[in-house]
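Asks: Dumping the structure here so I can ask a few things about it.
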Amino acid sequence: MNLLEQIEEKRKEIFTDSYPMSIGELANLYRDGDLEINPAFQRFFRWSDAQKVRLIESILLGIPLPSIFVAQRDDGVWDLVDGLQRISTILNFMGELKNAEKEVVKPLRLTKTDYLPLLDGVVWTEGDGELESSLKRLFKREKIEIKIIKKESDTSTKFELFQRLNTGGSQLSDQEVRNCLLIMLNEDFYKILVDLSKDINFNDSINITERLYEERYEMELVLRLLALANSEAEELRSIPDVSEFLTNKVKDFADSDIDWKKEKDVLSKSFEIINQTLGEDAFKRKDGNRFKGGFQLTIYEVIAAGSYLYIKDGRDVTALPDLLVEVVGKLGDDPVFRQYSGSGSKANYRWPKFVPLSKQLFLA
């Protein structure tokens, strides 16, 4: 097969259509349930008010908007794939946007801009500052190009397209993109991953910053642990890119028959013991008899994976606290850990060494 044939074969997996649609028509589709923004996506809608106002201003000025992408489901409903910020802002301004509880979100009130200072205090409807009828009609008649990924398209192709659309100019973190992808593939597994990341002992022991929580780093830490604990050495040795590896693991987990209740129990018990034994110092660097600095990812990868594998292997949980204290005390002097945990050490470089190290320290 030559390159042209390969391209033509892959193009056949993507069925698309496109046409312009007015904002008024899009709002009607959303109101009638024919256009859906998955409620779980709402947490990723975090434009500032200034960004929202600039978008509304652009529409009123007749500035063309980029296309949005929707995926057609088997029931004919469109799932919004790309354009979440734009469509949510438009619906929010028009008083149509609903949250996960199906309640209307407080409508957006505009502020003045350099081009249109008289936008200050303008709202779509109700009360002072209501946008006049002629401008509402102008707004609703503005068109947006809709790119439709038809239901005949391969599921993995939709997955790949979403990833490509949302890793360029997007402000989403890698894990937030994975979460969106997971919602599209297997929302039940997404909820399981969310539940795992909310474990109290897990959160107490990782002790990360609010900014990292906003980027859903705690969910990436759970995913990293599951990936490390459920990967063979050969698989870890052939990782081209860690972010891509974790994304592929999401796909594998979403389509697997793993007993997630059992996995959740193992994780919960692991972090219960870790937290009770080491508390918020669990994944910090130990210097003599003191713990220093903040959360250390490399320490987490060895200690969390080792504890997880220990319990999953059916070992005596009453012996784990003493083992944890012993491992933490000597980890900083371990030659393998020192060599592969230094500054600039990439995960695809250290993971093939860290998993055997975890097993050696906790299962030998």
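Lettering and numbering for the structure tokens are positional, with chains as A, B, ... in the shown order, residues counted from 1 in each chain, and ligands counted from 1 in the shown order.
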Determine, for each residue of stretch 234-312 of chain A having at least one atom at most 10 Å from an atom of stretch 183-197 of chain A, the closest pair of atoms and their separation in Å to one decimal, counting only C-alpha atoms; order by chain and ascending number, as CSV.

Replies:
```
residue,atom,partner,partner_atom,distance
A:Val250,CA,A:Phe189,CA,9.3
A:Lys251,CA,A:Leu185,CA,7.8
A:Phe253,CA,A:Phe189,CA,8.0
A:Ala254,CA,A:Asn186,CA,5.8
A:Asp255,CA,A:Asn186,CA,7.9
A:Ser256,CA,A:Phe189,CA,9.9
A:Trp260,CA,A:Ile192,CA,7.5
A:Lys261,CA,A:Ile192,CA,8.7
A:Glu263,CA,A:Leu196,CA,9.1
A:Lys264,CA,A:Leu196,CA,6.3
A:Asp265,CA,A:Leu196,CA,9.3
A:Leu267,CA,A:Leu196,CA,7.6
A:Ser268,CA,A:Leu196,CA,7.8
```

Asks: Closest to A:Phe139 among A:Glu101, A:Glu215, A:Glu25, A:Glu96, using only C-alpha atoms?

Replies: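 That would be A:Glu25, the residue with the smallest distance to A:Phe139.
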
Asks: Can you list, as a PyMOL selection string, every protein, DNA or RNA residue that comes within 12 Å of A:Pro352 when you count only C-alpha atoms, leaving out same-chain residues fewer than 5 positions away?

Replies: chain A and resi 228-229+231-239+301-302+336-337+340+346-347+357-359

Asks: A:Ile56, A:Arg109, A:Ile148, A:Trp78: which is nearest A:Glu130, counting only C-alpha atoms?

Replies: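 Nearest candidate to A:Glu130 out of A:Ile56, A:Arg109, A:Ile148, A:Trp78: A:Arg109.
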
Asks: Find, counting only C-alpha atoms, the residue in A:Phe362, A:Tyr310, A:Phe202, A:Tyr213 that gets nearest to A:Ile274.

Replies: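 Of A:Phe362, A:Tyr310, A:Phe202, A:Tyr213, the one nearest A:Ile274 is A:Phe202, counting only C-alpha atoms.
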
Asks: Excluding A:Gly306 and its own-chain neighbours fewer than 2 positions away, which residues fall within 12 Å of it when counting only C-alpha atoms? Please give them as a ChimeraX atom specification.

Replies: /A:225-226,228-229,266-267,270-271,274,299-304,308-313,315,320,323-324,327-328,354-364

Asks: Hey, what does DSSP flag as helix (DSSP H, G or I) within stretch 85-256 of chain A? Can you give it to me as an MDAnalysis selection string?

Replies: chainID A and resid 85:93 117:119 133:141 155:165 174:185 187:197 200:206 210:214 217:229 233:237 242:254

Asks: Select from stretch 262-302 of chain A everything DSSP, run on the backbone, classes as strand (DSSP E or B), then give the selection as an MDAnalysis selection string.

Replies: chainID A and resid 285:287 290:292

Asks: Do you have the atom CA of A:Asp79-atom CA of A:Val177 distance handy?

Replies: 15.7 Å

Asks: Excluding A:Glu57 and any residue of its chain fewer than 4 positions from it, enumerate the residues within 8 Å of it, using only C-alpha atoms, and give them as a list of chain:residue names.

Replies: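 My reading of the contact set: A:Val53, A:Leu61, A:Leu116.
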